[in-house]
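Structure, as C-alpha cells:
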Amino acid sequence: MILKGAEIARYLARPDPSRPALLIHGQDAMRVAMKRAEAVKALVGEKADEEMRLTRMPGAALRKDPAQLLDAVKEVGFFPGPRVVLVEDAPDLAADAIRAALLDWKPGDAAMVVTAGALGKSSALRKLFEPHPTAVTAPVYDDPPGEEEVARWLSDAGLRQVPPPAMKDMMALARALDPGDLRQTIEKIGLYKHGDDTPLTGDEIALMAPATIEADLDELIHIVAERREAEFGPMMRRIEGQGVNPVTLCIAALRHFRALHGAAADPAGPGVALSRMRPPVFGPSRDRMARQAQGWGMGPLEDAVRSLLDCDLTLRSATRAPQMALVERALIRLAMTRGRR
C-alpha cells in the first residue's frame with residue numbers, strides 16, 4: 001500500500017499494528033527521522049527502549065548477515081507488549097533480507113519499520129514494498145506540514161485553545177520553517193503557555209518564533225517606513241557601529257518596501273498579501289506592515305522602490321562615494337516623505 005498526501009501524516013501518527021512492515025523514505029533525513037520517531041512511538045510507546053521492545057539495526061549490516069532481521073522479528077521479548085524492529089538507512093541491498101522476513105512474518109511477530117533516503121522508481125525497496133498486499137510505503141516529501149498535523153503537534157504540546165487567527169499565523173510559520181524547527185518552536189510555545197488557559201495569540205507566536213533578521217536593522221527599516229525621521233539618526237549610528245554592510249542594508253530596505261508595494265497592490269488587502277509572502281509575515285509584524293502599506297499608498301511606494309533600486313545600482317557600480325552615506329541619504333529621504341497620492 002502506498003500512502004499519498006494527507007494520508008501519510010495521518011497514518012504515521014496512528015500506524016496499523018497488524019501490518020508487518022512500514023517503509024519511510026525521503027530526500028530530507030530530518031523529515032524522515034521525525035516521521036520514523038512518530039511511527040515507532042505510536043506502535044510501541046515511549047518506554048519501548050527501556051522494556052527492550054525496540055530493536056535497532058543499520059540497514060547496511062543486513063548485507064553481511066541477512067538472517068539477523070528475521071531473528072529479531074521472531075524474537076520473544078521479556079516484557080509483554082508490541083515490538084518493533086527498526087532498520088535504519090536501508091540500502092537497496094537490504095531488500096532480500098527484508099523480503100525473507102516479510103514472507104515468514106506471522107501475527108504476534110515484531111513489526112518492521114524501515115527508513116531510507118531518496119529512492120528512485122527502480123529501487124529494489126520500492127519494488128518490494130509498493131505492490132505488497134500488507135506492507136505500507138510512506139514517501140516523505142519536502143512539503144510543509146498540513147493543518148491537521150500542526151494541530152496535532154499543538155495538542156501534544158498542551159496547546160488546545162488555538163483560535164482560527166492563531167492557527168493561520170501558525171500555518172504561515174509552518175511554511176517558513178523546517179518541520180524540525182517548527183516542532184521545537186511549538187514545544188517552546190507550549191512551555192511558555194504552561195499553566196496559562198487563555199487562547200493562543202499571534203503575538204505569543206511571534207514572540208516565540210525564531211528571529212529571521214537582526215533586530216536593530218529591522219527596527220531601522222520600520223522607522224523609515226513609518227516616517228519617524230526624528231528616531232532615524234540615533235538608530236543609524238547604532239547600525240553603523242555594528243558594522244552592517246551598506247549593500248546589506250540597502251537590500252533589506254528594498255525587500256521591505258517591495259513587500260509593502262505588493263501588499264498595497266493586492267485586491268485582497270495588505271494583511272492577506274503579507275500572509276501569502278515567502279517567507280510569510282504574521283502576528284504584530286503583519287499588522288505593522290499592513291498599516292505602513294496603507295499609510296504610503298501605491299504611488300509613493302513605487303517611488304520608494306525606484307529610489308532604493310537606484311541606490312543599489314550606485315552601490316554596485318564603480319564609485320568613490322562613501323557607500324554608507326549613499327544608503328543613509330536614500331533612507332532619510334524616504335523617512336521624510338510626506339503625504340499620499
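Following the order of the C-alpha cells, chains are lettered A, B, ..., residues in each are numbered from 1, and ligands are numbered from 1.
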
Legend entry - DSSP-assigned helix (DSSP H, G or I) members of stretch 25-203 of chain A, reported as a ChimeraX atom specification: /A:29-44,59-62,67-74,92-103,124-129,147-156,164-176,179-192,202-203

Using only C-alpha atoms, find each residue of stretch 241-284 of chain A with at least one atom at most 8 Å away from an atom of stretch 213-231 of chain A; report its shortest atom-to-atom pair and that distance in Å (one decimal), sort the rows by chain and rising residue number, and return the result as a Markdown table.
```
| residue | atom | partner | partner_atom | distance |
| --- | --- | --- | --- | --- |
| A:Leu249 | CA | A:Leu217 | CA | 7.4 |
| A:Ala252 | CA | A:Ile221 | CA | 7.9 |
| A:Ala253 | CA | A:Ile221 | CA | 6.0 |
| A:His256 | CA | A:Ile221 | CA | 7.6 |
| A:Phe257 | CA | A:Ala225 | CA | 7.8 |
```

Surrounding residues of stretch 97-111 of chain A excluding itself and chain neighbours under 4 positions, 9 Å, only C-alpha atoms, as a PDB file with all heavy atoms, in the first residue's frame:
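Printed below is out14.pdb as written:
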```
ATOM      1  N   PRO A  17      -0.954  -1.671  13.717  1.00  0.00           N
ATOM      2  CA  PRO A  17      -0.009  -2.646  14.274  1.00  0.00           C
ATOM      3  C   PRO A  17      -0.150  -4.037  13.664  1.00  0.00           C
ATOM      4  O   PRO A  17       0.718  -4.893  13.871  1.00  0.00           O
ATOM      5  CB  PRO A  17      -0.366  -2.660  15.767  1.00  0.00           C
ATOM      6  CG  PRO A  17      -1.788  -2.207  15.835  1.00  0.00           C
ATOM      7  CD  PRO A  17      -1.961  -1.247  14.700  1.00  0.00           C
ATOM      8  N   SER A  18      -1.224  -4.269  12.908  1.00  0.00           N
ATOM      9  CA  SER A  18      -1.410  -5.593  12.308  1.00  0.00           C
ATOM     10  C   SER A  18      -0.641  -5.745  10.994  1.00  0.00           C
ATOM     11  O   SER A  18      -0.581  -6.847  10.442  1.00  0.00           O
ATOM     12  CB  SER A  18      -2.904  -5.843  12.058  1.00  0.00           C
ATOM     13  OG  SER A  18      -3.408  -4.995  11.042  1.00  0.00           O
ATOM     14  N   ARG A  19      -0.084  -4.676  10.483  1.00  0.00           N
ATOM     15  CA  ARG A  19       0.684  -4.747   9.237  1.00  0.00           C
ATOM     16  C   ARG A  19       2.143  -5.065   9.559  1.00  0.00           C
ATOM     17  O   ARG A  19       2.702  -4.536  10.516  1.00  0.00           O
ATOM     18  CB  ARG A  19       0.558  -3.456   8.452  1.00  0.00           C
ATOM     19  CG  ARG A  19      -0.873  -3.231   7.927  1.00  0.00           C
ATOM     20  CD  ARG A  19      -0.950  -2.013   7.048  1.00  0.00           C
ATOM     21  NE  ARG A  19      -2.291  -1.861   6.479  1.00  0.00           N
ATOM     22  CZ  ARG A  19      -2.684  -2.386   5.330  1.00  0.00           C
ATOM     23  NH1 ARG A  19      -1.820  -3.130   4.624  1.00  0.00           N
ATOM     24  NH2 ARG A  19      -3.906  -2.207   4.885  1.00  0.00           N
ATOM     25  N   PRO A  20       2.783  -5.894   8.741  1.00  0.00           N
ATOM     26  CA  PRO A  20       4.122  -6.394   9.103  1.00  0.00           C
ATOM     27  C   PRO A  20       5.249  -5.382   8.979  1.00  0.00           C
ATOM     28  O   PRO A  20       6.237  -5.469   9.711  1.00  0.00           O
ATOM     29  CB  PRO A  20       4.329  -7.551   8.120  1.00  0.00           C
ATOM     30  CG  PRO A  20       3.492  -7.196   6.941  1.00  0.00           C
ATOM     31  CD  PRO A  20       2.279  -6.497   7.507  1.00  0.00           C
ATOM     32  N   ALA A  21       5.123  -4.435   8.034  1.00  0.00           N
ATOM     33  CA  ALA A  21       6.280  -3.568   7.777  1.00  0.00           C
ATOM     34  C   ALA A  21       5.842  -2.219   7.235  1.00  0.00           C
ATOM     35  O   ALA A  21       4.802  -2.095   6.576  1.00  0.00           O
ATOM     36  CB  ALA A  21       7.246  -4.239   6.801  1.00  0.00           C
ATOM     37  N   LEU A  22       6.668  -1.228   7.525  1.00  0.00           N
ATOM     38  CA  LEU A  22       6.439   0.141   7.075  1.00  0.00           C
ATOM     39  C   LEU A  22       7.746   0.691   6.539  1.00  0.00           C
ATOM     40  O   LEU A  22       8.773   0.656   7.228  1.00  0.00           O
ATOM     41  CB  LEU A  22       5.950   0.997   8.258  1.00  0.00           C
ATOM     42  CG  LEU A  22       5.953   2.519   8.096  1.00  0.00           C
ATOM     43  CD1 LEU A  22       4.965   2.956   7.015  1.00  0.00           C
ATOM     44  CD2 LEU A  22       5.617   3.199   9.428  1.00  0.00           C
ATOM     45  N   LEU A  43       3.546   2.908  17.711  1.00  0.00           N
ATOM     46  CA  LEU A  43       3.454   1.444  17.688  1.00  0.00           C
ATOM     47  C   LEU A  43       3.797   0.802  19.022  1.00  0.00           C
ATOM     48  O   LEU A  43       3.128  -0.158  19.444  1.00  0.00           O
ATOM     49  CB  LEU A  43       4.387   0.886  16.605  1.00  0.00           C
ATOM     50  CG  LEU A  43       3.911   1.013  15.161  1.00  0.00           C
ATOM     51  CD1 LEU A  43       5.047   0.699  14.200  1.00  0.00           C
ATOM     52  CD2 LEU A  43       2.720   0.087  14.897  1.00  0.00           C
ATOM     53  N   ARG A  53      11.701  -3.612  23.879  1.00  0.00           N
ATOM     54  CA  ARG A  53      10.719  -3.965  22.850  1.00  0.00           C
ATOM     55  C   ARG A  53      11.020  -3.260  21.529  1.00  0.00           C
ATOM     56  O   ARG A  53      10.229  -3.306  20.608  1.00  0.00           O
ATOM     57  CB  ARG A  53       9.306  -3.615  23.336  1.00  0.00           C
ATOM     58  CG  ARG A  53       8.824  -4.488  24.480  1.00  0.00           C
ATOM     59  CD  ARG A  53       7.376  -4.235  24.863  1.00  0.00           C
ATOM     60  NE  ARG A  53       7.193  -2.917  25.464  1.00  0.00           N
ATOM     61  CZ  ARG A  53       6.571  -1.916  24.872  1.00  0.00           C
ATOM     62  NH1 ARG A  53       6.105  -2.055  23.634  1.00  0.00           N
ATOM     63  NH2 ARG A  53       6.424  -0.753  25.484  1.00  0.00           N
ATOM     64  N   LEU A  54      12.177  -2.589  21.466  1.00  0.00           N
ATOM     65  CA  LEU A  54      12.615  -1.911  20.254  1.00  0.00           C
ATOM     66  C   LEU A  54      14.030  -2.355  19.915  1.00  0.00           C
ATOM     67  O   LEU A  54      14.957  -2.168  20.701  1.00  0.00           O
ATOM     68  CB  LEU A  54      12.578  -0.393  20.446  1.00  0.00           C
ATOM     69  CG  LEU A  54      13.120   0.458  19.289  1.00  0.00           C
ATOM     70  CD1 LEU A  54      12.318   0.212  18.007  1.00  0.00           C
ATOM     71  CD2 LEU A  54      13.105   1.939  19.645  1.00  0.00           C
ATOM     72  N   LEU A  62      22.647  -5.710   7.030  1.00  0.00           N
ATOM     73  CA  LEU A  62      21.880  -6.846   6.536  1.00  0.00           C
ATOM     74  C   LEU A  62      22.538  -7.512   5.328  1.00  0.00           C
ATOM     75  O   LEU A  62      22.199  -8.646   4.979  1.00  0.00           O
ATOM     76  CB  LEU A  62      20.462  -6.402   6.167  1.00  0.00           C
ATOM     77  CG  LEU A  62      19.601  -5.910   7.337  1.00  0.00           C
ATOM     78  CD1 LEU A  62      18.228  -5.503   6.846  1.00  0.00           C
ATOM     79  CD2 LEU A  62      19.485  -6.984   8.409  1.00  0.00           C
ATOM     80  N   ARG A  63      23.435  -6.807   4.692  1.00  0.00           N
ATOM     81  CA  ARG A  63      24.124  -7.407   3.542  1.00  0.00           C
ATOM     82  C   ARG A  63      25.016  -8.562   3.992  1.00  0.00           C
ATOM     83  O   ARG A  63      25.058  -9.617   3.345  1.00  0.00           O
ATOM     84  CB  ARG A  63      24.956  -6.341   2.837  1.00  0.00           C
ATOM     85  CG  ARG A  63      25.668  -6.847   1.599  1.00  0.00           C
ATOM     86  CD  ARG A  63      26.540  -5.759   0.979  1.00  0.00           C
ATOM     87  NE  ARG A  63      27.250  -6.245  -0.187  1.00  0.00           N
ATOM     88  CZ  ARG A  63      28.132  -5.544  -0.873  1.00  0.00           C
ATOM     89  NH1 ARG A  63      28.419  -4.301  -0.507  1.00  0.00           N
ATOM     90  NH2 ARG A  63      28.743  -6.063  -1.925  1.00  0.00           N
ATOM     91  N   ASP A  65      24.823 -10.072   7.117  1.00  0.00           N
ATOM     92  CA  ASP A  65      24.099 -11.014   7.978  1.00  0.00           C
ATOM     93  C   ASP A  65      22.598 -10.808   7.802  1.00  0.00           C
ATOM     94  O   ASP A  65      21.929 -10.243   8.661  1.00  0.00           O
ATOM     95  CB  ASP A  65      24.513 -10.793   9.440  1.00  0.00           C
ATOM     96  CG  ASP A  65      23.892 -11.815  10.378  1.00  0.00           C
ATOM     97  OD1 ASP A  65      23.298 -12.790   9.876  1.00  0.00           O
ATOM     98  OD2 ASP A  65      23.986 -11.619  11.602  1.00  0.00           O
ATOM     99  N   PRO A  66      22.034 -11.263   6.682  1.00  0.00           N
ATOM    100  CA  PRO A  66      20.613 -11.031   6.426  1.00  0.00           C
ATOM    101  C   PRO A  66      19.691 -11.740   7.412  1.00  0.00           C
ATOM    102  O   PRO A  66      18.568 -11.291   7.641  1.00  0.00           O
ATOM    103  CB  PRO A  66      20.427 -11.565   4.994  1.00  0.00           C
ATOM    104  CG  PRO A  66      21.561 -12.505   4.771  1.00  0.00           C
ATOM    105  CD  PRO A  66      22.693 -11.974   5.565  1.00  0.00           C
ATOM    106  N   ALA A  67      20.156 -12.816   8.032  1.00  0.00           N
ATOM    107  CA  ALA A  67      19.304 -13.587   8.941  1.00  0.00           C
ATOM    108  C   ALA A  67      19.004 -12.847  10.235  1.00  0.00           C
ATOM    109  O   ALA A  67      18.035 -13.182  10.931  1.00  0.00           O
ATOM    110  CB  ALA A  67      19.957 -14.931   9.244  1.00  0.00           C
ATOM    111  N   GLN A  68      19.819 -11.832  10.568  1.00  0.00           N
ATOM    112  CA  GLN A  68      19.606 -11.157  11.846  1.00  0.00           C
ATOM    113  C   GLN A  68      18.260 -10.433  11.892  1.00  0.00           C
ATOM    114  O   GLN A  68      17.673 -10.289  12.963  1.00  0.00           O
ATOM    115  CB  GLN A  68      20.732 -10.175  12.138  1.00  0.00           C
ATOM    116  CG  GLN A  68      20.821  -8.996  11.172  1.00  0.00           C
ATOM    117  CD  GLN A  68      21.880  -7.989  11.574  1.00  0.00           C
ATOM    118  OE1 GLN A  68      21.917  -7.521  12.718  1.00  0.00           O
ATOM    119  NE2 GLN A  68      22.762  -7.658  10.634  1.00  0.00           N
ATOM    120  N   LEU A  69      17.742 -10.018  10.753  1.00  0.00           N
ATOM    121  CA  LEU A  69      16.450  -9.335  10.733  1.00  0.00           C
ATOM    122  C   LEU A  69      15.330 -10.304  11.089  1.00  0.00           C
ATOM    123  O   LEU A  69      14.479  -9.994  11.940  1.00  0.00           O
ATOM    124  CB  LEU A  69      16.204  -8.714   9.362  1.00  0.00           C
ATOM    125  CG  LEU A  69      14.843  -8.029   9.172  1.00  0.00           C
ATOM    126  CD1 LEU A  69      14.632  -6.932  10.209  1.00  0.00           C
ATOM    127  CD2 LEU A  69      14.703  -7.457   7.764  1.00  0.00           C
ATOM    128  N   LEU A  70      15.306 -11.445  10.449  1.00  0.00           N
ATOM    129  CA  LEU A  70      14.271 -12.431  10.757  1.00  0.00           C
ATOM    130  C   LEU A  70      14.378 -12.901  12.201  1.00  0.00           C
ATOM    131  O   LEU A  70      13.358 -13.084  12.881  1.00  0.00           O
ATOM    132  CB  LEU A  70      14.393 -13.625   9.799  1.00  0.00           C
ATOM    133  CG  LEU A  70      13.330 -14.717   9.954  1.00  0.00           C
ATOM    134  CD1 LEU A  70      11.931 -14.147   9.786  1.00  0.00           C
ATOM    135  CD2 LEU A  70      13.579 -15.848   8.969  1.00  0.00           C
ATOM    136  N   ASP A  71      15.609 -13.093  12.708  1.00  0.00           N
ATOM    137  CA  ASP A  71      15.795 -13.481  14.108  1.00  0.00           C
ATOM    138  C   ASP A  71      15.195 -12.440  15.045  1.00  0.00           C
ATOM    139  O   ASP A  71      14.531 -12.780  16.032  1.00  0.00           O
ATOM    140  CB  ASP A  71      17.280 -13.663  14.420  1.00  0.00           C
ATOM    141  CG  ASP A  71      17.883 -14.870  13.712  1.00  0.00           C
ATOM    142  OD1 ASP A  71      17.102 -15.740  13.265  1.00  0.00           O
ATOM    143  OD2 ASP A  71      19.125 -14.934  13.599  1.00  0.00           O
ATOM    144  N   ALA A  72      15.433 -11.156  14.744  1.00  0.00           N
ATOM    145  CA  ALA A  72      14.909 -10.084  15.598  1.00  0.00           C
ATOM    146  C   ALA A  72      13.385 -10.008  15.519  1.00  0.00           C
ATOM    147  O   ALA A  72      12.716  -9.749  16.527  1.00  0.00           O
ATOM    148  CB  ALA A  72      15.520  -8.750  15.188  1.00  0.00           C
ATOM    149  N   VAL A  73      12.827 -10.251  14.340  1.00  0.00           N
ATOM    150  CA  VAL A  73      11.367 -10.216  14.172  1.00  0.00           C
ATOM    151  C   VAL A  73      10.711 -11.342  14.957  1.00  0.00           C
ATOM    152  O   VAL A  73       9.634 -11.166  15.562  1.00  0.00           O
ATOM    153  CB  VAL A  73      11.012 -10.300  12.670  1.00  0.00           C
ATOM    154  CG1 VAL A  73       9.520 -10.583  12.478  1.00  0.00           C
ATOM    155  CG2 VAL A  73      11.387  -9.011  11.969  1.00  0.00           C
ATOM    156  N   LYS A  74      11.323 -12.526  14.997  1.00  0.00           N
ATOM    157  CA  LYS A  74      10.750 -13.698  15.656  1.00  0.00           C
ATOM    158  C   LYS A  74      11.073 -13.764  17.150  1.00  0.00           C
ATOM    159  O   LYS A  74      10.471 -14.565  17.881  1.00  0.00           O
ATOM    160  CB  LYS A  74      11.274 -14.970  14.983  1.00  0.00           C
ATOM    161  CG  LYS A  74      10.827 -15.147  13.537  1.00  0.00           C
ATOM    162  CD  LYS A  74       9.337 -15.405  13.460  1.00  0.00           C
ATOM    163  CE  LYS A  74       8.876 -15.655  12.044  1.00  0.00           C
ATOM    164  NZ  LYS A  74       7.409 -15.894  11.969  1.00  0.00           N
ATOM    165  N   GLU A  75      12.005 -12.961  17.592  1.00  0.00           N
ATOM    166  CA  GLU A  75      12.447 -12.999  18.985  1.00  0.00           C
ATOM    167  C   GLU A  75      11.288 -12.756  19.960  1.00  0.00           C
ATOM    168  O   GLU A  75      10.437 -11.903  19.723  1.00  0.00           O
ATOM    169  CB  GLU A  75      13.527 -11.933  19.193  1.00  0.00           C
ATOM    170  CG  GLU A  75      14.205 -11.991  20.536  1.00  0.00           C
ATOM    171  CD  GLU A  75      15.290 -10.917  20.608  1.00  0.00           C
ATOM    172  OE1 GLU A  75      14.934  -9.720  20.555  1.00  0.00           O
ATOM    173  OE2 GLU A  75      16.480 -11.275  20.680  1.00  0.00           O
ATOM    174  N   VAL A  76      11.260 -13.500  21.038  1.00  0.00           N
ATOM    175  CA  VAL A  76      10.224 -13.325  22.062  1.00  0.00           C
ATOM    176  C   VAL A  76      10.765 -12.389  23.139  1.00  0.00           C
ATOM    177  O   VAL A  76      11.796 -12.653  23.753  1.00  0.00           O
ATOM    178  CB  VAL A  76       9.819 -14.673  22.686  1.00  0.00           C
ATOM    179  CG1 VAL A  76       8.791 -14.449  23.789  1.00  0.00           C
ATOM    180  CG2 VAL A  76       9.279 -15.606  21.621  1.00  0.00           C
ATOM    181  N   PRO A  82       3.708  -4.924  22.312  1.00  0.00           N
ATOM    182  CA  PRO A  82       4.150  -4.960  20.910  1.00  0.00           C
ATOM    183  C   PRO A  82       5.626  -4.636  20.776  1.00  0.00           C
ATOM    184  O   PRO A  82       6.208  -3.939  21.599  1.00  0.00           O
ATOM    185  CB  PRO A  82       3.280  -3.887  20.247  1.00  0.00           C
ATOM    186  CG  PRO A  82       2.906  -2.956  21.352  1.00  0.00           C
ATOM    187  CD  PRO A  82       2.778  -3.799  22.572  1.00  0.00           C
ATOM    188  N   ARG A  83       6.241  -5.168  19.713  1.00  0.00           N
ATOM    189  CA  ARG A  83       7.665  -4.945  19.471  1.00  0.00           C
ATOM    190  C   ARG A  83       7.865  -4.396  18.064  1.00  0.00           C
ATOM    191  O   ARG A  83       7.064  -4.637  17.172  1.00  0.00           O
ATOM    192  CB  ARG A  83       8.457  -6.251  19.641  1.00  0.00           C
ATOM    193  CG  ARG A  83       8.449  -6.810  21.053  1.00  0.00           C
ATOM    194  CD  ARG A  83       9.296  -8.067  21.178  1.00  0.00           C
ATOM    195  NE  ARG A  83       8.852  -9.110  20.263  1.00  0.00           N
ATOM    196  CZ  ARG A  83       9.536  -9.540  19.204  1.00  0.00           C
ATOM    197  NH1 ARG A  83      10.724  -9.000  18.922  1.00  0.00           N
ATOM    198  NH2 ARG A  83       9.067 -10.495  18.431  1.00  0.00           N
ATOM    199  N   VAL A  84       8.972  -3.673  17.906  1.00  0.00           N
ATOM    200  CA  VAL A  84       9.346  -3.117  16.607  1.00  0.00           C
ATOM    201  C   VAL A  84      10.817  -3.392  16.351  1.00  0.00           C
ATOM    202  O   VAL A  84      11.658  -3.265  17.254  1.00  0.00           O
ATOM    203  CB  VAL A  84       9.078  -1.596  16.551  1.00  0.00           C
ATOM    204  CG1 VAL A  84       9.859  -0.935  15.416  1.00  0.00           C
ATOM    205  CG2 VAL A  84       7.596  -1.313  16.363  1.00  0.00           C
ATOM    206  N   VAL A  85      11.115  -3.771  15.129  1.00  0.00           N
ATOM    207  CA  VAL A  85      12.500  -3.854  14.662  1.00  0.00           C
ATOM    208  C   VAL A  85      12.706  -2.692  13.704  1.00  0.00           C
ATOM    209  O   VAL A  85      12.028  -2.604  12.672  1.00  0.00           O
ATOM    210  CB  VAL A  85      12.793  -5.188  13.959  1.00  0.00           C
ATOM    211  CG1 VAL A  85      14.229  -5.194  13.441  1.00  0.00           C
ATOM    212  CG2 VAL A  85      12.565  -6.356  14.910  1.00  0.00           C
ATOM    213  N   LEU A  86      13.600  -1.799  14.060  1.00  0.00           N
ATOM    214  CA  LEU A  86      13.856  -0.602  13.266  1.00  0.00           C
ATOM    215  C   LEU A  86      15.113  -0.800  12.429  1.00  0.00           C
ATOM    216  O   LEU A  86      16.203  -1.000  12.964  1.00  0.00           O
ATOM    217  CB  LEU A  86      14.018   0.601  14.194  1.00  0.00           C
ATOM    218  CG  LEU A  86      14.420   1.935  13.543  1.00  0.00           C
ATOM    219  CD1 LEU A  86      13.375   2.371  12.523  1.00  0.00           C
ATOM    220  CD2 LEU A  86      14.602   3.016  14.612  1.00  0.00           C
ATOM    221  N   LEU A  93      20.365  -3.047  -1.194  1.00  0.00           N
ATOM    222  CA  LEU A  93      20.931  -4.373  -0.966  1.00  0.00           C
ATOM    223  C   LEU A  93      20.284  -5.079   0.226  1.00  0.00           C
ATOM    224  O   LEU A  93      20.446  -6.295   0.386  1.00  0.00           O
ATOM    225  CB  LEU A  93      22.449  -4.257  -0.737  1.00  0.00           C
ATOM    226  CG  LEU A  93      23.268  -3.819  -1.963  1.00  0.00           C
ATOM    227  CD1 LEU A  93      24.718  -3.571  -1.572  1.00  0.00           C
ATOM    228  CD2 LEU A  93      23.189  -4.883  -3.054  1.00  0.00           C
ATOM    229  N   LEU A 125      13.820  -1.582  -2.918  1.00  0.00           N
ATOM    230  CA  LEU A 125      12.960  -1.450  -1.740  1.00  0.00           C
ATOM    231  C   LEU A 125      11.554  -1.023  -2.137  1.00  0.00           C
ATOM    232  O   LEU A 125      10.560  -1.549  -1.623  1.00  0.00           O
ATOM    233  CB  LEU A 125      13.566  -0.439  -0.756  1.00  0.00           C
ATOM    234  CG  LEU A 125      14.781  -0.907   0.038  1.00  0.00           C
ATOM    235  CD1 LEU A 125      15.388   0.254   0.823  1.00  0.00           C
ATOM    236  CD2 LEU A 125      14.405  -2.036   0.991  1.00  0.00           C
ATOM    237  N   LEU A 128       9.708  -3.814  -3.695  1.00  0.00           N
ATOM    238  CA  LEU A 128       9.285  -4.807  -2.699  1.00  0.00           C
ATOM    239  C   LEU A 128       8.061  -4.327  -1.932  1.00  0.00           C
ATOM    240  O   LEU A 128       7.081  -5.071  -1.770  1.00  0.00           O
ATOM    241  CB  LEU A 128      10.441  -5.084  -1.727  1.00  0.00           C
ATOM    242  CG  LEU A 128      10.100  -5.904  -0.471  1.00  0.00           C
ATOM    243  CD1 LEU A 128       9.621  -7.304  -0.855  1.00  0.00           C
ATOM    244  CD2 LEU A 128      11.320  -5.977   0.454  1.00  0.00           C
ATOM    245  N   PHE A 129       8.075  -3.071  -1.471  1.00  0.00           N
ATOM    246  CA  PHE A 129       7.027  -2.586  -0.578  1.00  0.00           C
ATOM    247  C   PHE A 129       5.755  -2.149  -1.309  1.00  0.00           C
ATOM    248  O   PHE A 129       4.639  -2.436  -0.858  1.00  0.00           O
ATOM    249  CB  PHE A 129       7.557  -1.421   0.262  1.00  0.00           C
ATOM    250  CG  PHE A 129       8.244  -1.841   1.531  1.00  0.00           C
ATOM    251  CD1 PHE A 129       9.575  -2.245   1.519  1.00  0.00           C
ATOM    252  CD2 PHE A 129       7.563  -1.834   2.736  1.00  0.00           C
ATOM    253  CE1 PHE A 129      10.207  -2.628   2.694  1.00  0.00           C
ATOM    254  CE2 PHE A 129       8.183  -2.222   3.913  1.00  0.00           C
ATOM    255  CZ  PHE A 129       9.509  -2.623   3.896  1.00  0.00           C
ATOM    256  N   ALA A 135       2.242  -4.680   3.464  1.00  0.00           N
ATOM    257  CA  ALA A 135       3.252  -3.693   3.883  1.00  0.00           C
ATOM    258  C   ALA A 135       2.820  -2.299   3.426  1.00  0.00           C
ATOM    259  O   ALA A 135       2.020  -2.137   2.517  1.00  0.00           O
ATOM    260  CB  ALA A 135       4.616  -4.049   3.307  1.00  0.00           C
TER     261      ALA A 135
END
```

Legend entry - Residue nearest A:Ala273 - candidates A:Ala9, A:Met298, A:Ala293, A:Leu173, atoms counted: only C-alpha atoms: A:Ala293

Inset, instruction - Name the residues in contact with A:Glu204 at a cut-off of 10 Å, using only C-alpha atoms, excluding same-chain residues fewer than 3 positions from it; report them as a PyMOL selection string. - result: chain A and resi 166+189+192-193+200-201+207-209+283-284

Residues of the last selection are to be written out with N, CA and C atoms, as a PDB file, in the first residue's frame.
```pdb
ATOM      1  N   ALA A 166      -4.924  32.504  15.237  1.00  0.00           N
ATOM      2  CA  ALA A 166      -3.636  31.979  15.694  1.00  0.00           C
ATOM      3  C   ALA A 166      -3.202  30.797  14.839  1.00  0.00           C
ATOM      4  N   ILE A 189       6.570  27.200  22.599  1.00  0.00           N
ATOM      5  CA  ILE A 189       5.326  27.921  22.881  1.00  0.00           C
ATOM      6  C   ILE A 189       4.549  27.194  23.959  1.00  0.00           C
ATOM      7  N   TYR A 192       6.011  28.039  27.220  1.00  0.00           N
ATOM      8  CA  TYR A 192       5.691  29.433  27.539  1.00  0.00           C
ATOM      9  C   TYR A 192       4.255  29.565  28.049  1.00  0.00           C
ATOM     10  N   LYS A 193       3.344  28.758  27.475  1.00  0.00           N
ATOM     11  CA  LYS A 193       1.930  28.841  27.832  1.00  0.00           C
ATOM     12  C   LYS A 193       1.548  27.867  28.947  1.00  0.00           C
ATOM     13  N   LEU A 200      -4.301  30.885  22.539  1.00  0.00           N
ATOM     14  CA  LEU A 200      -3.041  31.290  21.924  1.00  0.00           C
ATOM     15  C   LEU A 200      -3.279  32.487  21.005  1.00  0.00           C
ATOM     16  N   THR A 201      -2.345  33.438  21.012  1.00  0.00           N
ATOM     17  CA  THR A 201      -2.478  34.635  20.183  1.00  0.00           C
ATOM     18  C   THR A 201      -1.322  34.735  19.189  1.00  0.00           C
ATOM     19  N   LEU A 207       6.409  36.115  19.362  1.00  0.00           N
ATOM     20  CA  LEU A 207       7.390  36.242  20.439  1.00  0.00           C
ATOM     21  C   LEU A 207       8.289  35.015  20.525  1.00  0.00           C
ATOM     22  N   MET A 208       7.725  33.837  20.282  1.00  0.00           N
ATOM     23  CA  MET A 208       8.475  32.586  20.410  1.00  0.00           C
ATOM     24  C   MET A 208       9.129  32.144  19.101  1.00  0.00           C
ATOM     25  N   ALA A 209       8.714  32.732  17.983  1.00  0.00           N
ATOM     26  CA  ALA A 209       9.250  32.304  16.682  1.00  0.00           C
ATOM     27  C   ALA A 209      10.725  32.665  16.560  1.00  0.00           C
ATOM     28  N   GLY A 283       1.450  37.858  12.706  1.00  0.00           N
ATOM     29  CA  GLY A 283       1.456  38.456  14.034  1.00  0.00           C
ATOM     30  C   GLY A 283       1.560  39.965  13.995  1.00  0.00           C
ATOM     31  N   PRO A 284       2.188  40.554  15.010  1.00  0.00           N
ATOM     32  CA  PRO A 284       2.312  42.014  15.088  1.00  0.00           C
ATOM     33  C   PRO A 284       3.037  42.618  13.890  1.00  0.00           C
TER      34      PRO A 284
END
```

Legend entry - For A:His261: contacts at 12 Å, only C-alpha atoms, fewer than 4 positions along chain excluded, given as a list of chain:residue names: A:Ala225, A:Leu254, A:Arg255, A:His256, A:Phe257, A:Ala265, A:Asp266, A:Gly269, A:Pro270, A:Ala273, A:Leu274, A:Met289, A:Ala290, A:Gln292, A:Ala293, A:Gln294, A:Gly295, A:Trp296, A:Gly297, A:Met298, A:Gly299, A:Pro300, A:Leu301, A:Glu302, A:Asp303, A:Ala304, A:Val305, A:Arg306

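Atom to atom, atom CA of A:Met170 and atom CA of A:Thr248 stand 28.7 Å apart.
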
Legend entry - Counting only C-alpha atoms, the residue of A:Ala259, A:Ala60, A:Leu313, A:Val281 that sits nearest A:Ala206: A:Val281

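The residues of stretch 39-153 of chain A that DSSP classifies as strand (DSSP E), using the backbone of this structure, are Leu54, Thr55, Arg56, Met57, Pro58, Val84, Val85, Leu86, Val87, Glu88, Ala111, Met112, Val113, Val114, Thr115, Ala116, Val136, Thr137, Ala138, Pro139 and Val140 of chain A.
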